>>> print(open('start-v7.cif').read())   # mmCIF, C-alpha atoms (C1' of nucleotides)
data_data
loop_
_atom_site.label_atom_id
_atom_site.label_comp_id
_atom_site.auth_asym_id
_atom_site.auth_seq_id
_atom_site.Cartn_x
_atom_site.Cartn_y
_atom_site.Cartn_z
CA MET A 1 119.34 81.66 131.04
CA ASN A 2 122.25 83.69 132.24
CA TYR A 3 121.28 87.05 130.91
CA TYR A 4 118.37 89.15 132.00
CA THR A 5 117.10 92.57 131.08
CA ILE A 6 114.07 94.79 131.41
CA ILE A 7 112.47 96.44 128.43
CA LYS A 8 110.12 99.38 128.75
CA THR A 9 107.81 100.24 125.91
CA ARG A 10 106.50 103.70 125.14
CA ALA A 11 102.93 102.54 124.72
CA PRO A 12 101.12 99.75 126.60
CA PHE A 13 101.97 96.31 125.24
CA ASP A 14 100.05 93.08 125.88
CA ILE A 15 102.27 90.12 125.13
CA ARG A 16 99.58 87.56 125.89
CA GLN A 17 97.09 88.99 123.42
CA THR A 18 99.87 89.54 120.92
CA LEU A 19 101.14 85.97 121.05
CA PHE A 20 97.67 84.47 120.98
CA SER A 21 96.01 86.77 118.48
CA GLY A 22 96.48 84.17 115.79
CA GLN A 23 99.61 85.50 114.11
CA SER A 24 102.02 83.10 115.80
CA PHE A 25 101.68 79.46 116.73
CA LEU A 26 105.22 78.98 117.95
CA TRP A 27 105.33 80.63 121.35
CA ASN A 28 104.29 78.56 124.28
CA ILE A 29 102.72 79.42 127.52
CA ASN A 30 103.83 77.32 130.45
CA LYS A 31 100.74 75.73 131.93
CA ASP A 32 102.09 75.76 135.48
CA GLU A 33 103.14 79.36 135.35
CA PRO A 34 100.83 81.18 132.99
CA ASP A 35 102.81 84.37 133.33
CA PHE A 36 105.80 83.69 131.17
CA TYR A 37 106.23 82.88 127.53
CA ALA A 38 109.02 80.90 125.94
CA ALA A 39 110.25 80.13 122.45
CA ILE A 40 113.39 79.61 120.49
CA ILE A 41 113.99 82.55 118.19
CA LYS A 42 116.93 82.57 115.78
CA SER A 43 118.28 79.46 117.54
CA LYS A 44 118.28 81.25 120.90
CA PRO A 45 115.91 80.38 123.72
CA LEU A 46 113.99 83.37 125.06
CA ILE A 47 111.77 83.74 128.06
CA ILE A 48 109.61 86.81 128.42
CA LYS A 49 107.57 87.84 131.39
CA GLN A 50 105.22 90.79 131.48
CA ILE A 51 105.54 92.71 134.73
CA ALA A 52 103.59 95.85 133.84
CA ASP A 53 101.58 97.34 130.97
CA ASN A 54 104.74 98.71 129.47
CA GLU A 55 107.42 96.58 131.06
CA LEU A 56 108.89 93.21 130.15
CA GLU A 57 111.46 90.96 131.75
CA VAL A 58 113.52 89.11 129.18
CA TYR A 59 115.75 86.13 129.90
CA ALA A 60 118.27 84.90 127.37
CA GLU A 61 121.55 83.06 127.13
CA ASP A 62 123.30 85.96 125.54
CA LYS A 63 123.17 89.74 125.28
CA VAL A 64 123.13 89.42 121.53
CA ILE A 65 120.62 87.62 119.34
CA ASN A 66 121.11 87.25 115.60
CA GLY A 67 123.95 89.75 115.80
CA VAL A 68 121.73 92.43 117.35
CA PRO A 69 121.69 93.60 120.98
CA LEU A 70 118.88 91.77 122.79
CA VAL A 71 116.86 94.87 123.62
CA ASP A 72 116.98 96.07 120.04
CA PHE A 73 116.10 92.64 118.72
CA ILE A 74 113.03 92.33 120.95
CA SER A 75 111.93 95.89 120.15
CA HIS A 76 112.15 95.12 116.46
CA TYR A 77 110.56 91.67 116.78
CA PHE A 78 107.50 93.05 118.58
CA THR A 79 107.47 96.26 116.53
CA PHE A 80 107.64 98.61 119.49
CA ASP A 81 108.44 101.35 117.01
CA ILE A 82 104.84 101.19 115.78
CA ASP A 83 102.19 103.22 117.56
CA THR A 84 99.12 101.09 116.97
CA GLU A 85 96.73 103.97 117.48
CA GLN A 86 98.44 105.95 114.73
CA ILE A 87 98.16 103.23 112.10
CA PHE A 88 94.51 104.12 111.62
CA PRO A 89 93.54 107.11 109.46
CA ASP A 90 93.01 110.41 111.29
CA ASN A 91 89.28 110.50 110.66
CA PHE A 92 88.74 106.83 111.54
CA SER A 93 87.60 107.46 115.12
CA HIS A 94 85.07 110.01 113.89
CA LEU A 95 83.77 107.85 111.08
CA TYR A 96 83.43 104.73 113.26
CA PRO A 97 83.03 105.89 116.88
CA THR A 98 81.40 102.69 118.16
CA LEU A 99 84.03 100.50 116.57
CA TRP A 100 86.79 102.78 117.86
CA GLN A 101 85.47 102.26 121.35
CA LEU A 102 85.78 98.49 120.94
CA LEU A 103 89.22 98.82 119.38
CA THR A 104 90.86 100.65 122.26
CA ASP A 105 91.31 97.35 124.10
CA TYR A 106 93.35 96.05 121.17
CA PHE A 107 95.95 98.79 120.77
CA PRO A 108 98.33 96.88 123.09
CA VAL A 109 98.47 94.12 120.44
CA ARG A 110 101.48 94.25 118.10
CA ILE A 111 102.24 92.42 114.92
CA MET A 112 105.48 90.50 115.17
CA ARG A 113 108.28 90.29 112.65
CA GLN A 114 108.46 86.52 112.57
CA ASP A 115 110.71 84.19 110.67
CA PRO A 116 109.50 83.88 107.06
CA PHE A 117 109.82 80.10 106.78
CA GLU A 118 108.16 79.52 110.12
CA THR A 119 105.32 81.82 109.06
CA MET A 120 105.00 80.12 105.69
CA ILE A 121 104.63 76.63 107.13
CA SER A 122 102.40 77.74 110.01
CA PHE A 123 99.89 79.41 107.74
CA MET A 124 99.86 76.54 105.29
CA CYS A 125 98.44 74.60 108.25
CA ALA A 126 95.63 77.12 108.56
CA GLN A 127 93.19 76.21 105.82
CA GLY A 128 89.65 75.36 106.75
CA ILE A 129 90.28 74.42 110.35
CA GLY A 130 89.87 76.12 113.72
CA MET A 131 92.62 78.01 115.46
CA PRO A 132 93.10 75.56 118.35
CA LEU A 133 93.69 72.84 115.75
CA ILE A 134 96.21 75.03 113.94
CA ARG A 135 98.12 75.41 117.20
CA LYS A 136 98.05 71.67 117.66
CA GLN A 137 99.45 71.06 114.19
CA VAL A 138 102.32 73.51 114.59
CA SER A 139 103.21 72.22 118.04
CA MET A 140 103.30 68.69 116.64
CA LEU A 141 105.60 69.83 113.85
CA LEU A 142 107.88 71.30 116.53
CA GLN A 143 107.84 68.17 118.64
CA ASN A 144 108.31 65.72 115.79
CA TYR A 145 110.72 67.63 113.56
CA GLY A 146 112.16 70.49 115.61
CA GLU A 147 115.42 70.22 117.47
CA LYS A 148 114.86 69.77 121.19
CA ARG A 149 116.42 72.14 123.69
CA THR A 150 116.29 72.11 127.46
CA ILE A 151 116.87 75.26 129.46
CA SER A 152 116.69 76.10 133.10
CA TYR A 153 114.63 78.96 134.36
CA SER A 154 113.88 79.84 137.99
CA GLY A 155 115.08 76.45 139.17
CA LYS A 156 113.13 74.42 136.64
CA GLU A 157 114.00 72.63 133.46
CA ILE A 158 111.94 73.76 130.51
CA THR A 159 111.83 71.87 127.25
CA LEU A 160 111.53 73.84 124.05
CA HIS A 161 111.80 72.97 120.39
CA HIS A 162 113.23 74.87 117.46
CA PHE A 163 110.89 75.41 114.58
CA PRO A 164 111.97 72.69 112.10
CA SER A 165 114.50 73.83 109.52
CA PRO A 166 113.63 73.79 105.79
CA GLU A 167 116.16 70.98 105.35
CA ARG A 168 114.54 68.87 108.04
CA LEU A 169 111.03 69.26 106.62
CA ALA A 170 112.35 68.78 103.10
CA ALA A 171 113.69 65.38 104.15
CA ALA A 172 110.46 64.33 105.85
CA ASN A 173 108.17 61.62 104.55
CA PRO A 174 104.86 63.32 103.66
CA ILE A 175 102.83 60.37 104.92
CA ALA A 176 104.58 60.46 108.28
CA LEU A 177 104.34 64.25 108.43
CA SER A 178 100.59 64.11 107.86
CA THR A 179 100.13 63.15 111.52
CA CYS A 180 101.10 66.80 112.11
CA THR A 181 98.63 68.15 109.56
CA ASN A 182 95.39 66.79 110.88
CA ASN A 183 95.94 63.68 108.72
CA ASN A 184 95.60 65.87 105.70
CA HIS A 185 97.90 64.28 103.12
CA PRO A 186 97.81 66.92 100.40
CA ARG A 187 98.73 69.54 102.97
CA ALA A 188 101.64 67.45 104.23
CA ARG A 189 102.81 66.96 100.64
CA ASN A 190 102.66 70.70 99.97
CA ILE A 191 104.64 71.47 103.12
CA VAL A 192 107.40 69.02 102.22
CA ARG A 193 107.47 70.33 98.66
CA ILE A 194 107.74 73.99 99.67
CA ALA A 195 110.38 73.15 102.30
CA LYS A 196 112.41 71.52 99.51
CA GLY A 197 112.07 74.68 97.47
CA VAL A 198 113.41 76.79 100.33
CA ALA A 199 116.17 74.32 101.14
CA ASP A 200 117.25 74.18 97.49
CA GLY A 201 117.21 77.94 97.18
CA LYS A 202 114.53 77.85 94.49
CA ILE A 203 112.42 79.89 96.86
CA ASP A 204 114.58 82.78 98.05
CA LEU A 205 112.98 84.16 101.20
CA ASP A 206 115.74 86.73 101.61
CA ALA A 207 115.02 88.14 98.19
CA LEU A 208 111.32 88.20 98.99
CA SER A 209 112.12 90.22 102.13
CA ASP A 210 113.07 93.18 99.96
CA PRO A 211 110.73 95.97 101.13
CA LEU A 212 110.83 97.52 97.66
CA LEU A 213 109.25 94.45 96.08
CA PRO A 214 105.73 95.37 94.98
CA LEU A 215 103.09 93.55 96.97
CA SER A 216 101.41 92.16 93.85
CA GLU A 217 104.67 90.66 92.65
CA LEU A 218 105.43 89.20 96.06
CA ARG A 219 102.01 87.63 96.17
CA ARG A 220 102.31 86.25 92.66
CA THR A 221 105.65 84.63 93.51
CA LEU A 222 104.38 83.02 96.70
CA CYS A 223 101.22 81.78 94.98
CA GLN A 224 103.27 79.75 92.52
CA ASN A 225 103.62 77.16 95.26
CA GLU A 226 100.89 74.56 95.62
CA GLY A 227 98.94 75.08 98.79
CA VAL A 228 99.52 78.84 98.80
CA GLY A 229 96.76 81.12 97.57
CA TYR A 230 96.14 84.85 98.00
CA LYS A 231 95.25 84.62 101.65
CA ILE A 232 98.20 82.53 102.81
CA ALA A 233 100.56 84.59 100.65
CA ASP A 234 99.33 87.76 102.32
CA CYS A 235 99.76 86.19 105.76
CA ILE A 236 103.36 85.26 104.94
CA ALA A 237 103.96 88.82 103.76
CA LEU A 238 102.32 90.45 106.78
CA PHE A 239 103.62 88.26 109.60
CA GLY A 240 106.83 86.88 108.13
CA LEU A 241 108.17 89.53 105.77
CA GLY A 242 107.31 92.67 107.68
CA ARG A 243 104.90 93.81 104.98
CA PHE A 244 102.37 95.71 107.04
CA ASP A 245 100.63 96.76 103.85
CA ALA A 246 99.62 93.16 103.08
CA PHE A 247 95.97 92.60 103.97
CA PRO A 248 94.98 88.91 104.28
CA ILE A 249 91.27 88.34 103.75
CA ASP A 250 89.69 85.32 105.38
CA THR A 251 86.14 84.54 106.46
CA HIS A 252 86.39 86.81 109.49
CA VAL A 253 87.89 89.76 107.67
CA LYS A 254 85.22 89.32 105.01
CA GLN A 255 82.58 89.36 107.73
CA TYR A 256 83.78 92.51 109.44
CA LEU A 257 84.21 94.33 106.13
CA GLY A 258 80.53 93.66 105.53
CA GLN A 259 79.32 94.41 109.02
CA TRP A 260 81.51 97.29 110.14
CA PHE A 261 82.26 98.97 106.82
CA ASN A 262 79.14 98.19 104.78
CA SER A 263 80.99 96.48 101.98
CA THR A 264 78.50 94.87 99.61
CA THR A 265 81.26 92.82 97.98
CA ALA A 266 81.93 91.25 101.36
CA LEU A 267 78.41 89.87 101.46
CA GLN A 268 79.06 87.68 98.40
CA SER A 269 81.16 84.54 98.22
CA LEU A 270 84.90 85.10 98.24
CA THR A 271 86.18 84.50 94.71
CA PRO A 272 89.71 85.51 93.62
CA ALA A 273 88.27 88.55 91.83
CA ARG A 274 86.35 89.63 94.91
CA TYR A 275 89.44 89.04 97.03
CA LEU A 276 91.28 91.66 95.00
CA ALA A 277 88.28 93.98 95.06
CA LEU A 278 88.05 93.76 98.85
CA ASP A 279 91.79 94.26 99.11
CA ALA A 280 91.45 97.52 97.16
CA GLU A 281 88.42 98.53 99.21
CA ALA A 282 90.28 98.01 102.49
CA ARG A 283 92.96 100.41 101.31
CA THR A 284 90.39 103.17 100.99
CA ILE A 285 89.21 102.58 104.57
CA LEU A 286 92.64 102.06 106.17
CA LYS A 287 96.06 103.58 105.61
CA PRO A 288 97.39 101.63 102.60
CA ASP A 289 100.85 101.20 104.12
CA PHE A 290 99.41 99.76 107.33
CA ALA A 291 96.26 98.09 106.02
CA GLY A 292 97.32 94.66 107.22
CA TYR A 293 98.59 95.82 110.58
CA ALA A 294 95.33 97.61 111.30
CA GLY A 295 93.45 94.70 109.78
CA HIS A 296 94.95 92.31 112.30
CA LEU A 297 93.72 94.41 115.21
CA LEU A 298 90.29 94.52 113.60
CA PHE A 299 90.44 90.77 112.99
CA HIS A 300 91.30 89.99 116.59
CA CYS A 301 88.72 92.45 117.87
CA TRP A 302 86.03 90.95 115.62
CA ARG A 303 86.77 87.39 116.68
CA LYS A 304 86.81 88.15 120.37
CA GLU A 305 84.19 90.87 120.77
CA ILE A 306 81.65 89.84 118.15
CA LYS A 307 82.14 86.12 117.56
CA GLY A 308 83.36 85.14 121.00
CA LEU A 309 85.90 82.71 119.54
CA ARG A 310 88.89 81.36 121.38
CA THR A 311 92.38 81.38 119.96
CA PHE A 312 93.98 78.92 122.36
"C1'" DC B 1 73.93 64.01 108.78
"C1'" DC B 2 74.40 68.60 109.13
"C1'" DC B 3 77.53 72.66 109.44
"C1'" DC B 4 81.65 75.05 110.51
"C1'" DA B 5 86.69 76.01 110.89
"C1'" DG B 6 91.86 82.13 109.37
"C1'" DG B 7 91.21 78.10 101.62
"C1'" DC B 8 93.05 76.01 97.57
"C1'" DT B 9 92.66 73.44 93.19
"C1'" DT B 10 90.26 71.59 89.40
"C1'" DT B 11 86.39 71.55 86.44
"C1'" DT B 12 83.13 73.71 83.67
"C1'" DC B 13 80.79 77.22 81.06
"C1'" DG C 1 88.54 84.47 81.49
"C1'" DA C 2 85.58 83.80 85.56
"C1'" DA C 3 82.14 81.37 88.23
"C1'" DA C 4 80.95 76.76 90.33
"C1'" DA C 5 82.04 72.55 92.14
"C1'" DG C 6 85.21 69.51 94.46
"C1'" DC C 7 88.48 68.61 98.01
"C1'" DA C 8 90.06 67.36 102.83
"C1'" DT C 9 89.65 66.47 108.04
"C1'" DG C 10 88.00 66.73 112.82
"C1'" DG C 11 84.71 68.50 115.98
"C1'" DG C 12 80.22 70.20 117.60
#
>>> encode(input="start-v7.cif", output="structure tokens")
Amino acid sequence: MNYYTIIKTRAPFDIRQTLFSGQSFLWNINKDEPDFYAAIIKSKPLIIKQIADNELEVYAEDKVINGVPLVDFISHYFTFDIDTEQIFPDNFSHLYPTLWQLLTDYFPVRIMRQDPFETMISFMCAQGIGMPLIRKQVSMLLQNYGEKRTISYSGKEITLHHFPSPERLAAANPIALSTCTNNNHPRARNIVRIAKGVADGKIDLDALSDPLLPLSELRRTLCQNEGVGYKIADCIALFGLGRFDAFPIDTHVKQYLGQWFNSTTALQSLTPARYLALDAEARTILKPDFAGYAGHLLFHCWRKEIKGLRTF
DNA sequence: CCCCAGGCTTTTC
DNA sequence: GAAAAGCATGGG
């Protein structure tokens, strides 16, 4: 870690809540020093330490990451260009004053522009299990299939792992990989299969990153893969493809749509048809272009404030 | 043995 | 076509 810089954000930013809001399962908190966060991003180790509400210390090996100056890369990665208070409609605070009060604690949370493949695999691990178990699965994938990297930071050696490449997961034995998927064999099979698709170029994540691609088409393409339905497809779009209009609907989102926004559809079981109906409904409550971004803040707020669930 | 946890696929009407 | 049942695993 021979390069170090300070980044100031315009609005308050909470990296801890951001990293552990359930959008990323890659970043690790060092148990001995709970104040810094480390991960390998674009093959480059990064260490980030929050020193004030709007100030970060960033340690890297280079001033440039993925061909972009470090400060610009981090600003883009954590979407510092987005003002999270402004992503809600103008009349939102008047329509839902009690909710708005709860939400103010969550404006320092940002959605990250994560790697598409990493997001795809991570969220395929997220069906019907709790969030701590999802973290465990992804960290096991890193340990068993991700390239190991040791770095030194403040006099200590820290071990990190790359997220496994598509080629590496494509070559994995599904039975062996199932130790990383909660012993769920079908899930392991689907992960290996989709990794092969990406490695072969049959699934073109760069093409899917085109911001002009209609959301419905993007979702339809992603759903052609076994193990990916509407919800996972929308998560890949939102967290991995920078599509802040994508609005993933899971059990928690369904619950808050019913409770906070009086959706009657949300009170019924979540069928594909109702998924699409709720998706349309959410766009009338939230700004369509930022429905998913706002939805993630609502999701995190709902889980923590109302359900009292832990994310790590 | 029950239910729940950031769903998806197959069967059935 | 769409609703209902089945699936899959660990933890409380």
>>> residues_near_point(input="start-v7.cif", point="(99.0, 88.0, 107.2)", cutoff="7 Å", atoms="only C-alpha atoms (C1' of nucleotides)", output="PDB file with C-alpha atoms, in the coordinates of the input")
ATOM      1  CA  ASP A 234      99.330  87.760 102.320  1.00  0.00           C
ATOM      2  CA  CYS A 235      99.760  86.190 105.760  1.00  0.00           C
ATOM      3  CA  ILE A 236     103.360  85.260 104.940  1.00  0.00           C
ATOM      4  CA  ALA A 237     103.960  88.820 103.760  1.00  0.00           C
ATOM      5  CA  LEU A 238     102.320  90.450 106.780  1.00  0.00           C
ATOM      6  CA  PHE A 239     103.620  88.260 109.600  1.00  0.00           C
ATOM      7  CA  ALA A 246      99.620  93.160 103.080  1.00  0.00           C
ATOM      8  CA  PHE A 247      95.970  92.600 103.970  1.00  0.00           C
ATOM      9  CA  PRO A 248      94.980  88.910 104.280  1.00  0.00           C
ATOM     10  CA  GLY A 292      97.320  94.660 107.220  1.00  0.00           C
TER      11      GLY A 292
END
>>> interface_residues(input="start-v7.cif", of="chain C", to="chain A", cutoff="8 Å", atoms="all atoms listed in the file", output="list in words")
DA8, DT9 and DG10 of chain C
>>> resolve_selection(input="start-v7.cif", expression="the PyMOL selection byres ((chain A) within 9 of (chain B))", output="PDB file with C-alpha atoms, keeping the file's coordinate frame")
ATOM      1  CA  GLY A  22      96.480  84.170 115.790  1.00  0.00           C
ATOM      2  CA  PHE A 123      99.890  79.410 107.740  1.00  0.00           C
ATOM      3  CA  ALA A 126      95.630  77.120 108.560  1.00  0.00           C
ATOM      4  CA  GLN A 127      93.190  76.210 105.820  1.00  0.00           C
ATOM      5  CA  GLY A 128      89.650  75.360 106.750  1.00  0.00           C
ATOM      6  CA  ILE A 129      90.280  74.420 110.350  1.00  0.00           C
ATOM      7  CA  GLY A 130      89.870  76.120 113.720  1.00  0.00           C
ATOM      8  CA  MET A 131      92.620  78.010 115.460  1.00  0.00           C
ATOM      9  CA  GLU A 226     100.890  74.560  95.620  1.00  0.00           C
ATOM     10  CA  GLY A 227      98.940  75.080  98.790  1.00  0.00           C
ATOM     11  CA  VAL A 228      99.520  78.840  98.800  1.00  0.00           C
ATOM     12  CA  GLY A 229      96.760  81.120  97.570  1.00  0.00           C
ATOM     13  CA  LYS A 231      95.250  84.620 101.650  1.00  0.00           C
ATOM     14  CA  ILE A 232      98.200  82.530 102.810  1.00  0.00           C
ATOM     15  CA  ILE A 249      91.270  88.340 103.750  1.00  0.00           C
ATOM     16  CA  ASP A 250      89.690  85.320 105.380  1.00  0.00           C
ATOM     17  CA  THR A 251      86.140  84.540 106.460  1.00  0.00           C
ATOM     18  CA  HIS A 252      86.390  86.810 109.490  1.00  0.00           C
ATOM     19  CA  VAL A 253      87.890  89.760 107.670  1.00  0.00           C
TER      20      VAL A 253
END
>>> atom_distance(input="start-v7.cif", atom1="CA of Asp115 (chain A)", atom2="CA of Lys254 (chain A)")
26.6 Å
>>> closest_residue(input="start-v7.cif", among="A:Phe92, A:Phe163, A:Phe244, A:Trp100", to="Leu26 (chain A)", atoms="all atoms listed in the file")
A:Phe163
>>> resolve_selection(input="start-v7.cif", expression="the PyMOL selection byres ((chain A and resi 295) around 9)", output="mmCIF file with C-alpha atoms, in the frame of the given file")
data_model
loop_
_atom_site.group_PDB
_atom_site.id
_atom_site.type_symbol
_atom_site.label_atom_id
_atom_site.label_comp_id
_atom_site.auth_asym_id
_atom_site.auth_seq_id
_atom_site.Cartn_x
_atom_site.Cartn_y
_atom_site.Cartn_z
ATOM 1 C CA PHE A 247 95.970 92.600 103.970
ATOM 2 C CA PRO A 248 94.980 88.910 104.280
ATOM 3 C CA VAL A 253 87.890 89.760 107.670
ATOM 4 C CA ALA A 282 90.280 98.010 102.490
ATOM 5 C CA LEU A 286 92.640 102.060 106.170
ATOM 6 C CA PHE A 290 99.410 99.760 107.330
ATOM 7 C CA ALA A 291 96.260 98.090 106.020
ATOM 8 C CA GLY A 292 97.320 94.660 107.220
ATOM 9 C CA TYR A 293 98.590 95.820 110.580
ATOM 10 C CA ALA A 294 95.330 97.610 111.300
ATOM 11 C CA HIS A 296 94.950 92.310 112.300
ATOM 12 C CA LEU A 297 93.720 94.410 115.210
ATOM 13 C CA LEU A 298 90.290 94.520 113.600
ATOM 14 C CA PHE A 299 90.440 90.770 112.990
ATOM 15 C CA HIS A 300 91.300 89.990 116.590
#
>>> residues_around(input="start-v7.cif", residues="region 153-157 of chain A", least_positions_apart="5", cutoff="12 Å", atoms="all atoms listed in the file", output="VMD selection string")
chain A and resid 1 to 4 30 32 to 33 36 to 38 45 to 49 58 to 61
>>> resolve_selection(input="start-v7.cif", expression="the PyMOL selection byres ((chain A and resi 216) around 12)", output="JSON, numbers by chain")
{"A": [208, 212, 213, 214, 215, 217, 218, 219, 220, 221, 222, 223, 230, 233, 234, 237, 243, 245, 246, 247, 276, 279, 280]}
>>> atom_distance(input="start-v7.cif", atom1="CA of Ser93 (chain A)", atom2="CA of Phe261 (chain A)")
13.0 Å
>>> atom_distance(input="start-v7.cif", atom1="CA of Leu270 (chain A)", atom2="CA of Phe20 (chain A)")
26.1 Å
>>> closest_residue(input="start-v7.cif", among="A:Ile111, A:Leu142, A:Leu56, A:Ile134", to="Gly240 (chain A)", atoms="all atoms listed in the file")
A:Ile111
